[in-house]
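Undergrad: Input file: coords-v1.cif. Contents: mmCIF, C-alpha atoms and all ligand atoms.
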```cif
data_start
#
loop_
_atom_site.group_PDB
_atom_site.id
_atom_site.type_symbol
_atom_site.label_atom_id
_atom_site.label_comp_id
_atom_site.auth_asym_id
_atom_site.auth_seq_id
_atom_site.Cartn_x
_atom_site.Cartn_y
_atom_site.Cartn_z
ATOM 1 C CA MET A 1202 29.787 -90.236 -88.526
ATOM 2 C CA ILE A 1203 29.740 -90.642 -92.297
ATOM 3 C CA ASP A 1204 32.367 -92.583 -94.255
ATOM 4 C CA LEU A 1205 33.143 -90.901 -97.576
ATOM 5 C CA HIS A 1206 34.600 -93.409 -100.037
ATOM 6 C CA HIS A 1207 36.388 -90.808 -102.055
ATOM 7 C CA VAL A 1208 38.321 -89.882 -105.157
ATOM 8 C CA ALA A 1209 39.501 -86.332 -105.892
ATOM 9 C CA THR A 1210 37.479 -85.986 -109.123
ATOM 10 C CA PRO A 1211 34.515 -83.735 -109.970
ATOM 11 C CA ASN A 1212 32.089 -86.414 -108.736
ATOM 12 C CA GLY A 1213 34.073 -86.911 -105.534
ATOM 13 C CA HIS A 1214 34.248 -83.180 -104.909
ATOM 14 C CA LYS A 1215 30.473 -82.771 -105.150
ATOM 15 C CA VAL A 1216 30.154 -84.833 -101.980
ATOM 16 C CA SER A 1217 33.178 -83.505 -100.077
ATOM 17 C CA ILE A 1218 32.031 -79.910 -100.730
ATOM 18 C CA ALA A 1219 28.463 -80.749 -99.636
ATOM 19 C CA LEU A 1220 29.658 -82.403 -96.417
ATOM 20 C CA GLU A 1221 31.726 -79.305 -95.631
ATOM 21 C CA GLU A 1222 28.845 -76.943 -96.430
ATOM 22 C CA MET A 1223 26.481 -78.918 -94.224
ATOM 23 C CA GLY A 1224 28.911 -79.299 -91.336
ATOM 24 C CA LEU A 1225 28.339 -83.057 -91.129
ATOM 25 C CA PRO A 1226 31.162 -85.046 -89.480
ATOM 26 C CA TYR A 1227 32.859 -87.411 -91.935
ATOM 27 C CA ARG A 1228 36.017 -89.352 -92.519
ATOM 28 C CA VAL A 1229 37.602 -89.800 -95.932
ATOM 29 C CA ILE A 1230 38.470 -93.268 -97.207
ATOM 30 C CA PRO A 1231 40.601 -92.593 -100.309
ATOM 31 C CA TYR A 1232 40.773 -94.900 -103.337
ATOM 32 C CA ASN A 1233 43.217 -95.101 -106.221
ATOM 33 C CA LEU A 1234 41.107 -95.866 -109.307
ATOM 34 C CA MET A 1235 44.169 -96.422 -111.472
ATOM 35 C CA LYS A 1236 45.131 -99.310 -109.195
ATOM 36 C CA GLY A 1237 41.571 -100.654 -109.220
ATOM 37 C CA GLU A 1238 41.250 -100.311 -105.446
ATOM 38 C CA HIS A 1239 37.457 -100.047 -105.800
ATOM 39 C CA PHE A 1240 37.189 -103.622 -107.131
ATOM 40 C CA THR A 1241 36.736 -105.320 -103.769
ATOM 41 C CA PRO A 1242 33.748 -107.337 -102.548
ATOM 42 C CA GLU A 1243 33.506 -104.942 -99.555
ATOM 43 C CA PHE A 1244 33.166 -101.893 -101.774
ATOM 44 C CA ARG A 1245 30.728 -103.647 -104.090
ATOM 45 C CA ARG A 1246 28.407 -104.196 -101.115
ATOM 46 C CA ILE A 1247 28.456 -100.388 -100.645
ATOM 47 C CA ASN A 1248 28.077 -99.563 -104.351
ATOM 48 C CA PRO A 1249 26.945 -102.394 -106.649
ATOM 49 C CA ASN A 1250 27.819 -100.047 -109.571
ATOM 50 C CA ASN A 1251 31.503 -100.105 -108.472
ATOM 51 C CA LYS A 1252 31.969 -96.342 -108.882
ATOM 52 C CA LEU A 1253 33.106 -93.590 -106.557
ATOM 53 C CA PRO A 1254 32.196 -91.712 -104.506
ATOM 54 C CA ALA A 1255 29.824 -93.464 -102.116
ATOM 55 C CA ILE A 1256 28.957 -92.882 -98.480
ATOM 56 C CA VAL A 1257 28.093 -94.995 -95.475
ATOM 57 C CA ASP A 1258 26.092 -93.228 -92.790
ATOM 58 C CA HIS A 1259 26.708 -94.847 -89.399
ATOM 59 C CA ASP A 1260 23.939 -92.828 -87.782
ATOM 60 C CA PRO A 1261 20.986 -92.910 -90.207
ATOM 61 C CA ALA A 1262 17.550 -91.509 -89.374
ATOM 62 C CA ASP A 1263 15.930 -94.913 -88.818
ATOM 63 C CA GLY A 1264 18.565 -95.934 -86.244
ATOM 64 C CA LYS A 1265 18.863 -99.394 -87.786
ATOM 65 C CA GLY A 1266 22.611 -99.486 -88.386
ATOM 66 C CA PRO A 1267 24.899 -98.305 -91.196
ATOM 67 C CA PHE A 1268 23.236 -97.200 -94.442
ATOM 68 C CA ALA A 1269 25.104 -96.948 -97.754
ATOM 69 C CA VAL A 1270 24.235 -94.482 -100.523
ATOM 70 C CA PHE A 1271 25.700 -94.415 -104.049
ATOM 71 C CA GLU A 1272 25.182 -92.081 -107.063
ATOM 72 C CA THR A 1273 26.165 -88.505 -106.287
ATOM 73 C CA GLY A 1274 22.693 -87.077 -107.017
ATOM 74 C CA ALA A 1275 21.155 -89.462 -104.477
ATOM 75 C CA ILE A 1276 23.980 -88.758 -102.012
ATOM 76 C CA LEU A 1277 23.438 -84.988 -102.251
ATOM 77 C CA ILE A 1278 19.689 -85.348 -101.653
ATOM 78 C CA TYR A 1279 20.340 -87.757 -98.753
ATOM 79 C CA LEU A 1280 22.788 -85.359 -97.096
ATOM 80 C CA ALA A 1281 20.518 -82.342 -97.665
ATOM 81 C CA GLU A 1282 17.612 -84.166 -96.029
ATOM 82 C CA LYS A 1283 19.795 -85.369 -93.159
ATOM 83 C CA SER A 1284 21.207 -81.913 -92.439
ATOM 84 C CA GLY A 1285 18.148 -79.853 -93.390
ATOM 85 C CA LYS A 1286 20.468 -77.708 -95.545
ATOM 86 C CA LEU A 1287 20.875 -76.776 -99.225
ATOM 87 C CA LEU A 1288 17.638 -78.292 -100.563
ATOM 88 C CA PRO A 1289 15.127 -75.430 -100.502
ATOM 89 C CA THR A 1290 11.873 -75.965 -98.624
ATOM 90 C CA ASP A 1291 9.949 -73.499 -100.787
ATOM 91 C CA PHE A 1292 7.833 -75.513 -103.271
ATOM 92 C CA ARG A 1293 9.136 -73.875 -106.456
ATOM 93 C CA ARG A 1294 12.759 -73.555 -105.406
ATOM 94 C CA ARG A 1295 12.834 -77.195 -104.297
ATOM 95 C CA GLY A 1296 11.447 -78.199 -107.694
ATOM 96 C CA LEU A 1297 14.103 -76.101 -109.433
ATOM 97 C CA ALA A 1298 16.908 -77.548 -107.307
ATOM 98 C CA LEU A 1299 15.855 -81.111 -108.143
ATOM 99 C CA GLN A 1300 15.488 -80.346 -111.867
ATOM 100 C CA TRP A 1301 18.939 -78.807 -112.129
ATOM 101 C CA LEU A 1302 20.474 -81.547 -110.018
ATOM 102 C CA ILE A 1303 19.032 -84.200 -112.318
ATOM 103 C CA TRP A 1304 20.083 -82.158 -115.371
ATOM 104 C CA GLN A 1305 23.628 -82.278 -114.038
ATOM 105 C CA MET A 1306 23.442 -86.027 -113.377
ATOM 106 C CA ALA A 1307 21.918 -86.886 -116.745
ATOM 107 C CA GLY A 1308 23.547 -84.236 -118.951
ATOM 108 C CA LEU A 1309 26.434 -82.081 -117.789
ATOM 109 C CA GLY A 1310 28.257 -84.883 -115.926
ATOM 110 C CA PRO A 1311 27.975 -87.739 -118.458
ATOM 111 C CA MET A 1312 28.485 -85.584 -121.578
ATOM 112 C CA HIS A 1313 31.452 -83.678 -120.172
ATOM 113 C CA GLY A 1314 32.738 -87.035 -118.908
ATOM 114 C CA GLN A 1315 32.694 -88.394 -122.468
ATOM 115 C CA ALA A 1316 34.470 -85.267 -123.739
ATOM 116 C CA HIS A 1317 37.167 -85.875 -121.102
ATOM 117 C CA HIS A 1318 37.407 -89.493 -122.210
ATOM 118 C CA PHE A 1319 37.886 -88.752 -125.912
ATOM 119 C CA ILE A 1320 40.213 -85.771 -125.395
ATOM 120 C CA ARG A 1321 42.339 -87.163 -122.566
ATOM 121 C CA TYR A 1322 42.215 -90.955 -122.577
ATOM 122 C CA ALA A 1323 41.121 -92.472 -125.908
ATOM 123 C CA PRO A 1324 43.733 -93.408 -128.493
ATOM 124 C CA GLU A 1325 44.593 -90.332 -130.566
ATOM 125 C CA GLY A 1326 42.712 -89.512 -133.751
ATOM 126 C CA GLN A 1327 39.141 -89.936 -132.464
ATOM 127 C CA VAL A 1328 37.879 -86.903 -134.356
ATOM 128 C CA TYR A 1329 34.183 -87.847 -134.365
ATOM 129 C CA GLY A 1330 34.066 -88.608 -130.616
ATOM 130 C CA ILE A 1331 35.902 -85.403 -129.746
ATOM 131 C CA GLU A 1332 33.638 -83.270 -131.945
ATOM 132 C CA ARG A 1333 30.426 -84.937 -130.816
ATOM 133 C CA TYR A 1334 31.082 -84.586 -127.080
ATOM 134 C CA SER A 1335 32.817 -81.200 -127.262
ATOM 135 C CA LYS A 1336 29.762 -79.802 -129.051
ATOM 136 C CA GLU A 1337 27.415 -81.313 -126.485
ATOM 137 C CA ALA A 1338 29.656 -80.035 -123.649
ATOM 138 C CA ARG A 1339 29.419 -76.509 -125.068
ATOM 139 C CA ARG A 1340 25.676 -76.803 -125.645
ATOM 140 C CA LEU A 1341 25.169 -77.711 -121.986
ATOM 141 C CA LEU A 1342 27.267 -74.709 -120.916
ATOM 142 C CA ASP A 1343 25.011 -72.535 -123.106
ATOM 143 C CA VAL A 1344 22.052 -73.910 -121.138
ATOM 144 C CA LEU A 1345 23.799 -73.088 -117.861
ATOM 145 C CA GLU A 1346 24.648 -69.623 -119.172
ATOM 146 C CA TYR A 1347 20.989 -69.013 -120.056
ATOM 147 C CA ARG A 1348 19.835 -70.056 -116.578
ATOM 148 C CA LEU A 1349 22.498 -68.050 -114.739
ATOM 149 C CA ASN A 1350 21.629 -64.961 -116.741
ATOM 150 C CA GLU A 1351 18.145 -65.087 -115.246
ATOM 151 C CA ALA A 1352 18.973 -66.322 -111.723
ATOM 152 C CA GLU A 1353 21.905 -65.867 -109.328
ATOM 153 C CA TYR A 1354 21.864 -69.561 -108.429
ATOM 154 C CA LEU A 1355 20.227 -72.484 -110.214
ATOM 155 C CA ALA A 1356 17.369 -72.728 -107.713
ATOM 156 C CA GLU A 1357 17.502 -68.967 -106.945
ATOM 157 C CA GLU A 1358 19.261 -69.767 -103.662
ATOM 158 C CA TYR A 1359 22.555 -71.694 -103.309
ATOM 159 C CA SER A 1360 21.733 -75.403 -103.239
ATOM 160 C CA ILE A 1361 22.928 -78.932 -103.961
ATOM 161 C CA ALA A 1362 22.223 -78.219 -107.655
ATOM 162 C CA ASP A 1363 25.034 -75.627 -107.717
ATOM 163 C CA ILE A 1364 27.300 -77.982 -105.792
ATOM 164 C CA ALA A 1365 26.682 -80.731 -108.367
ATOM 165 C CA CYS A 1366 27.607 -78.472 -111.306
ATOM 166 C CA TRP A 1367 30.497 -76.478 -109.836
ATOM 167 C CA PRO A 1368 33.282 -79.126 -109.953
ATOM 168 C CA TRP A 1369 32.357 -80.093 -113.521
ATOM 169 C CA VAL A 1370 32.575 -76.459 -114.634
ATOM 170 C CA ARG A 1371 35.989 -76.263 -112.984
ATOM 171 C CA ALA A 1372 37.117 -79.244 -115.069
ATOM 172 C CA THR A 1373 36.162 -77.659 -118.430
ATOM 173 C CA ARG A 1374 39.722 -76.368 -118.689
ATOM 174 C CA MET A 1375 40.736 -79.969 -119.353
ATOM 175 C CA ILE A 1376 38.467 -80.242 -122.392
ATOM 176 C CA ASP A 1377 39.719 -77.069 -124.071
ATOM 177 C CA ILE A 1378 36.794 -74.891 -123.007
ATOM 178 C CA ASP A 1379 37.515 -71.421 -121.662
ATOM 179 C CA ILE A 1380 34.886 -70.589 -119.085
ATOM 180 C CA ALA A 1381 35.342 -66.886 -119.915
ATOM 181 C CA ASP A 1382 33.256 -67.674 -123.033
ATOM 182 C CA TYR A 1383 30.312 -68.029 -120.623
ATOM 183 C CA PRO A 1384 30.315 -64.805 -118.551
ATOM 184 C CA ALA A 1385 27.328 -65.612 -116.313
ATOM 185 C CA VAL A 1386 28.695 -69.086 -115.617
ATOM 186 C CA GLN A 1387 32.120 -67.623 -114.868
ATOM 187 C CA LYS A 1388 30.649 -65.072 -112.437
ATOM 188 C CA TRP A 1389 28.644 -67.800 -110.643
ATOM 189 C CA TRP A 1390 31.673 -70.117 -110.565
ATOM 190 C CA LEU A 1391 33.985 -67.451 -109.088
ATOM 191 C CA LYS A 1392 31.438 -66.480 -106.440
ATOM 192 C CA ILE A 1393 31.061 -70.085 -105.274
ATOM 193 C CA ASN A 1394 34.836 -70.521 -105.400
ATOM 194 C CA GLU A 1395 35.085 -67.988 -102.564
ATOM 195 C CA ARG A 1396 33.084 -70.188 -100.188
ATOM 196 C CA PRO A 1397 35.216 -71.753 -97.421
ATOM 197 C CA ALA A 1398 33.659 -75.169 -98.124
ATOM 198 C CA ILE A 1399 35.270 -75.197 -101.570
ATOM 199 C CA LEU A 1400 38.769 -74.974 -100.154
ATOM 200 C CA ALA A 1401 37.947 -77.394 -97.348
ATOM 201 C CA GLY A 1402 36.224 -79.846 -99.716
ATOM 202 C CA THR A 1403 38.736 -79.821 -102.558
ATOM 203 C CA GLY A 1404 41.972 -79.124 -100.756
ATOM 204 C CA SER A 1405 42.902 -76.220 -103.011
ATOM 205 C CA LYS A 1406 41.539 -72.804 -103.786
ATOM 206 C CA ASP A 1407 41.799 -73.102 -107.468
ATOM 207 C CA HIS A 1408 41.856 -70.370 -110.073
ATOM 208 C CA ALA A 1409 44.515 -72.326 -111.869
ATOM 209 C CA THR A 1410 45.344 -72.565 -115.535
ATOM 210 C CA PRO A 1411 45.067 -75.920 -117.326
ATOM 211 C CA ALA A 1412 48.790 -76.522 -116.989
ATOM 212 C CA SER A 1413 48.632 -76.442 -113.221
ATOM 213 C CA TYR A 1414 45.535 -78.644 -113.130
ATOM 214 C CA GLY A 1415 47.583 -81.626 -114.231
ATOM 215 C CA GLN A 1416 48.859 -83.230 -117.342
ATOM 216 C CA LYS A 1417 46.295 -82.913 -120.111
ATOM 217 C CA ARG A 1418 46.714 -86.178 -122.007
ATOM 218 C CA ALA A 1419 46.817 -89.051 -119.577
ATOM 219 C CA GLN A 1420 49.479 -91.689 -120.212
ATOM 220 C CA LEU A 1421 48.120 -94.942 -118.809
ATOM 221 C CA THR A 1422 49.955 -98.206 -118.329
ATOM 222 C CA PRO A 1423 48.145 -101.306 -119.687
ATOM 223 C CA GLU A 1424 47.176 -102.184 -116.099
ATOM 224 C CA GLN A 1425 45.717 -98.724 -115.449
ATOM 225 C CA TRP A 1426 43.830 -98.853 -118.769
ATOM 226 C CA SER A 1427 42.395 -102.233 -117.858
ATOM 227 C CA ASN A 1428 41.220 -100.916 -114.478
ATOM 228 C CA LEU A 1429 39.609 -97.793 -115.884
ATOM 229 C CA PHE A 1430 38.251 -98.828 -119.274
ATOM 230 C CA GLY A 1431 39.188 -102.390 -120.069
ATOM 231 C CA GLU A 1432 38.888 -106.024 -119.085
ATOM 232 C CA ARG A 1433 39.372 -105.629 -115.322
ATOM 233 C CA MET A 1434 36.610 -102.999 -115.170
ATOM 234 C CA LEU A 1435 34.308 -105.373 -117.058
ATOM 235 C CA ALA A 1436 35.257 -108.374 -114.921
ATOM 236 C CA ALA A 1437 34.523 -106.330 -111.770
ATOM 237 C CA SER A 1438 30.897 -105.860 -112.823
ATOM 238 C CA LYS A 1439 30.618 -109.645 -113.006
ATOM 239 C CA GLY A 1440 32.098 -109.827 -109.485
ATOM 240 C CA ASN A 1441 35.401 -111.305 -110.721
ATOM 241 C CA PRO A 1442 38.117 -108.631 -111.061
ATOM 242 C CA SER A 1443 40.824 -111.222 -110.067
HETATM 243 N N1 LIG B 1501 26.895 -91.318 -111.935
HETATM 244 C C1 LIG B 1501 27.932 -91.646 -110.989
HETATM 245 C C2 LIG B 1501 29.268 -91.514 -111.661
HETATM 246 C C3 LIG B 1501 30.391 -92.016 -110.780
HETATM 247 C C4 LIG B 1501 31.690 -92.199 -111.555
HETATM 248 O O1 LIG B 1501 31.698 -92.360 -112.786
HETATM 249 N N2 LIG B 1501 32.785 -92.187 -110.821
HETATM 250 C C5 LIG B 1501 34.092 -92.361 -111.420
HETATM 251 C C6 LIG B 1501 35.067 -91.435 -110.748
HETATM 252 S S1 LIG B 1501 34.602 -89.767 -110.958
HETATM 253 C C7 LIG B 1501 34.588 -93.780 -111.191
HETATM 254 O O2 LIG B 1501 34.312 -94.369 -110.168
HETATM 255 N N3 LIG B 1501 35.347 -94.320 -112.135
HETATM 256 C C8 LIG B 1501 35.984 -95.589 -111.980
HETATM 257 C C9 LIG B 1501 35.448 -96.662 -112.858
HETATM 258 O O3 LIG B 1501 34.632 -96.346 -113.738
HETATM 259 O O4 LIG B 1501 35.822 -97.828 -112.678
HETATM 260 C C10 LIG B 1501 27.812 -90.709 -109.786
HETATM 261 O O5 LIG B 1501 27.430 -89.560 -109.986
HETATM 262 O O6 LIG B 1501 28.071 -91.144 -108.653
#
```
Would you mind giving the structure from this file in structure tokens?

TA:
Amino acid sequence: MIDLHHVATPNGHKVSIALEEMGLPYRVIPYNLMKGEHFTPEFRRINPNNKLPAIVDHDPADGKGPFAVFETGAILIYLAEKSGKLLPTDFRRRGLALQWLIWQMAGLGPMHGQAHHFIRYAPEGQVYGIERYSKEARRLLDVLEYRLNEAEYLAEEYSIADIACWPWVRATRMIDIDIADYPAVQKWWLKINERPAILAGTGSKDHATPASYGQKRAQLTPEQWSNLFGERMLAASKGNPS
């Protein structure tokens, strides 16, 4: 059994979709980030970086007791190796899957994440931050568009690289990007959206418009701000969230 320490965000959905695709038994342990529920000593022993998601495998390959994995790229590789699924064995396809997975972890995720921050959470009027990260978000979608014009899937076959990118492409509606501007990406996204693991892993089959995805500009209380971006977040990394 695998414990999935989970939040229903693009990073959380990478892992829930992968677990569904791979047919690995898991139980969900949900967290409310706004309440700072991840700032416990128990969770810090699972993920010293204090972020979600993370997993604990109670039946790891070495048989030496529970094993925790954090960082979604590492989790996806771990699960693919455990299940023998969705990381190609062919030399070139495996190399492609790892490249695109790391591209997502180092580029698409963090840059789109910053665009979300400046558009949805930062105090209004942050023109430079919005422009900088919106441009980079679009540039990365151009890269994805280029790749998906030459290949059906990022590693030629469906893999953990596609799973890593898919939830972040879904979230572009929240940063004022219309995925229809990227036809190859849109085609790829819609095809993956039909997979049963998407519905099972995200809880909703979602072709929705931005309005139905949730409120665009988040209104945080001072306590929620502190947990997500402020003093309590900082104190947690020193092991003292109070
Ligand atoms: N690079 C990390 C990113 C994880 C991450 O930023 N998770 C967010 C939720 S999607 C989080 O835990 N935010 C709460 C916080 O920063 O305190 C990964 O891929 O696992």

Undergrad: Run the PyMOL selection byres (((chain A and resi 1377-1383) around 12) and not hetatm) on the file and write out the hits as a PyMOL selection string.

TA: chain A and resi 1313+1316-1317+1319-1321+1331-1332+1334-1350+1367+1369-1376+1384-1391+1408+1410-1412+1417-1418

Undergrad: Could you check which of A:Phe1271, A:Tyr1359, A:Tyr1322, A:Trp1426 is closest to ligand LIG 1501 (chain B), using all atoms listed in the file?

TA: A:Phe1271

Undergrad: Under the PyMOL selection byres (((not hetatm)) within 8 of (chain B and resi 1501)), which residues of this model are included? Write them out as an MDAnalysis selection string.

TA: chainID A and resid 1208:1213 1234 1237 1239 1251:1255 1271:1274 1306 1310:1311 1428:1430 1434

Undergrad: Hey, can you check how far CA of His1214 (chain A) sits from CA of Ala1437 (chain A)?

TA: 24.1 Å

Undergrad: Hey, what comes out of the PyMOL selection byres (((chain A and resi 1396) around 12) and not hetatm) on this file? Could you write it as a PyMOL selection string?

TA: chain A and resi 1218-1219+1221-1222+1359+1364+1367+1389-1395+1397-1403+1405-1407

Undergrad: Using only C-alpha atoms, pick whichever of A:Ala1269, A:Gly1224, A:Ala1352, A:Leu1297 has the shortest atom-to-atom distance to Arg1245 (chain A).

TA: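 Once distances to Arg1245 (chain A) are computed over only C-alpha atoms, the minimum belongs to A:Ala1269.
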
Undergrad: What is the distance between CA of His1206 (chain A) and CA of Phe1244 (chain A), in Å to one decimal?

TA: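 We find that CA of His1206 (chain A) and CA of Phe1244 (chain A) lie 8.8 Å from each other.
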
Undergrad: List the spatial neighbours of Asp1258 (chain A) as a JSON list (two decimals) with C-alpha atoms, in the frame of the given file - criterion: any atom at most 9 Å away, only C-alpha atoms, same-chain residues fewer than 5 positions off excluded.

TA:
```json
[["chain", "number", "residue", "atom", "x", "y", "z"],
["A", 1202, "MET", "CA", 29.79, -90.24, -88.53],
["A", 1203, "ILE", "CA", 29.74, -90.64, -92.30],
["A", 1204, "ASP", "CA", 32.37, -92.58, -94.26],
["A", 1205, "LEU", "CA", 33.14, -90.90, -97.58],
["A", 1227, "TYR", "CA", 32.86, -87.41, -91.94],
["A", 1266, "GLY", "CA", 22.61, -99.49, -88.39],
["A", 1267, "PRO", "CA", 24.90, -98.30, -91.20],
["A", 1268, "PHE", "CA", 23.24, -97.20, -94.44],
["A", 1269, "ALA", "CA", 25.10, -96.95, -97.75],
["A", 1270, "VAL", "CA", 24.24, -94.48, -100.52]]
```

Undergrad: I'd like to know which of A:Pro1249, A:Gly1308, A:Gly1431, A:Gly1314 is closest to Met1235 (chain A), using all atoms listed in the file.

TA: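 Ranked by minimum distance to Met1235 (chain A), first place goes to A:Gly1431.
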
Undergrad: Identify which of the residues A:His1259, A:Gln1327, A:Asn1248, A:Glu1238 lies closest to Pro1442 (chain A), counting only C-alpha atoms when measuring atom-to-atom distances.

TA: A:Glu1238

Undergrad: Since the input lacks some atoms of region 1377-1385 of chain A, please model all heavy atoms and print them as an mmCIF file, keeping the file's coordinate frame.

TA:
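Result file is rebuild01.cif:
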```cif
data_model
loop_
_atom_site.group_PDB
_atom_site.id
_atom_site.type_symbol
_atom_site.label_atom_id
_atom_site.label_comp_id
_atom_site.auth_asym_id
_atom_site.auth_seq_id
_atom_site.Cartn_x
_atom_site.Cartn_y
_atom_site.Cartn_z
ATOM 1 N N ASP A 1377 39.456 -78.182 -123.146
ATOM 2 C CA ASP A 1377 39.719 -77.069 -124.071
ATOM 3 C C ASP A 1377 38.571 -76.061 -124.131
ATOM 4 O O ASP A 1377 38.334 -75.447 -125.174
ATOM 5 C CB ASP A 1377 40.002 -77.597 -125.492
ATOM 6 C CG ASP A 1377 41.195 -78.528 -125.504
ATOM 7 O OD1 ASP A 1377 42.114 -78.294 -124.693
ATOM 8 O OD2 ASP A 1377 41.204 -79.482 -126.305
ATOM 9 N N ILE A 1378 37.847 -75.901 -123.041
ATOM 10 C CA ILE A 1378 36.794 -74.891 -123.007
ATOM 11 C C ILE A 1378 37.220 -73.806 -122.025
ATOM 12 O O ILE A 1378 37.593 -74.103 -120.886
ATOM 13 C CB ILE A 1378 35.440 -75.502 -122.580
ATOM 14 C CG1 ILE A 1378 34.965 -76.494 -123.662
ATOM 15 C CG2 ILE A 1378 34.397 -74.413 -122.356
ATOM 16 C CD1 ILE A 1378 33.665 -77.197 -123.335
ATOM 17 N N ASP A 1379 37.167 -72.561 -122.513
ATOM 18 C CA ASP A 1379 37.515 -71.421 -121.662
ATOM 19 C C ASP A 1379 36.220 -70.887 -121.058
ATOM 20 O O ASP A 1379 35.330 -70.424 -121.775
ATOM 21 C CB ASP A 1379 38.200 -70.340 -122.516
ATOM 22 C CG ASP A 1379 38.665 -69.172 -121.657
ATOM 23 O OD1 ASP A 1379 38.344 -69.138 -120.449
ATOM 24 O OD2 ASP A 1379 39.355 -68.291 -122.222
ATOM 25 N N ILE A 1380 36.134 -70.955 -119.754
ATOM 26 C CA ILE A 1380 34.886 -70.589 -119.085
ATOM 27 C C ILE A 1380 34.567 -69.098 -119.268
ATOM 28 O O ILE A 1380 33.410 -68.676 -119.126
ATOM 29 C CB ILE A 1380 34.932 -71.039 -117.601
ATOM 30 C CG1 ILE A 1380 33.532 -71.324 -117.092
ATOM 31 C CG2 ILE A 1380 35.660 -70.075 -116.730
ATOM 32 C CD1 ILE A 1380 32.825 -72.390 -117.847
ATOM 33 N N ALA A 1381 35.580 -68.308 -119.644
ATOM 34 C CA ALA A 1381 35.342 -66.886 -119.915
ATOM 35 C C ALA A 1381 34.399 -66.699 -121.113
ATOM 36 O O ALA A 1381 33.805 -65.636 -121.290
ATOM 37 C CB ALA A 1381 36.666 -66.176 -120.176
ATOM 38 N N ASP A 1382 34.225 -67.747 -121.928
ATOM 39 C CA ASP A 1382 33.256 -67.674 -123.033
ATOM 40 C C ASP A 1382 31.820 -67.683 -122.521
ATOM 41 O O ASP A 1382 30.875 -67.478 -123.297
ATOM 42 C CB ASP A 1382 33.426 -68.876 -123.986
ATOM 43 C CG ASP A 1382 34.754 -68.831 -124.726
ATOM 44 O OD1 ASP A 1382 35.398 -67.755 -124.726
ATOM 45 O OD2 ASP A 1382 35.154 -69.874 -125.291
ATOM 46 N N TYR A 1383 31.650 -67.950 -121.233
ATOM 47 C CA TYR A 1383 30.312 -68.029 -120.623
ATOM 48 C C TYR A 1383 30.315 -67.097 -119.411
ATOM 49 O O TYR A 1383 30.523 -67.544 -118.272
ATOM 50 C CB TYR A 1383 30.014 -69.484 -120.205
ATOM 51 C CG TYR A 1383 30.167 -70.462 -121.351
ATOM 52 C CD1 TYR A 1383 31.405 -71.040 -121.647
ATOM 53 C CD2 TYR A 1383 29.086 -70.778 -122.168
ATOM 54 C CE1 TYR A 1383 31.563 -71.906 -122.719
ATOM 55 C CE2 TYR A 1383 29.237 -71.651 -123.246
ATOM 56 C CZ TYR A 1383 30.474 -72.204 -123.511
ATOM 57 O OH TYR A 1383 30.620 -73.048 -124.577
ATOM 58 N N PRO A 1384 30.097 -65.788 -119.629
ATOM 59 C CA PRO A 1384 30.315 -64.805 -118.551
ATOM 60 C C PRO A 1384 29.448 -65.031 -117.308
ATOM 61 O O PRO A 1384 29.940 -64.869 -116.188
ATOM 62 C CB PRO A 1384 29.973 -63.466 -119.213
ATOM 63 C CG PRO A 1384 30.017 -63.727 -120.683
ATOM 64 C CD PRO A 1384 29.761 -65.175 -120.903
ATOM 65 N N ALA A 1385 28.184 -65.413 -117.495
ATOM 66 C CA ALA A 1385 27.328 -65.612 -116.313
ATOM 67 C C ALA A 1385 27.782 -66.847 -115.540
ATOM 68 O O ALA A 1385 27.781 -66.868 -114.299
ATOM 69 C CB ALA A 1385 25.863 -65.744 -116.734
#
```
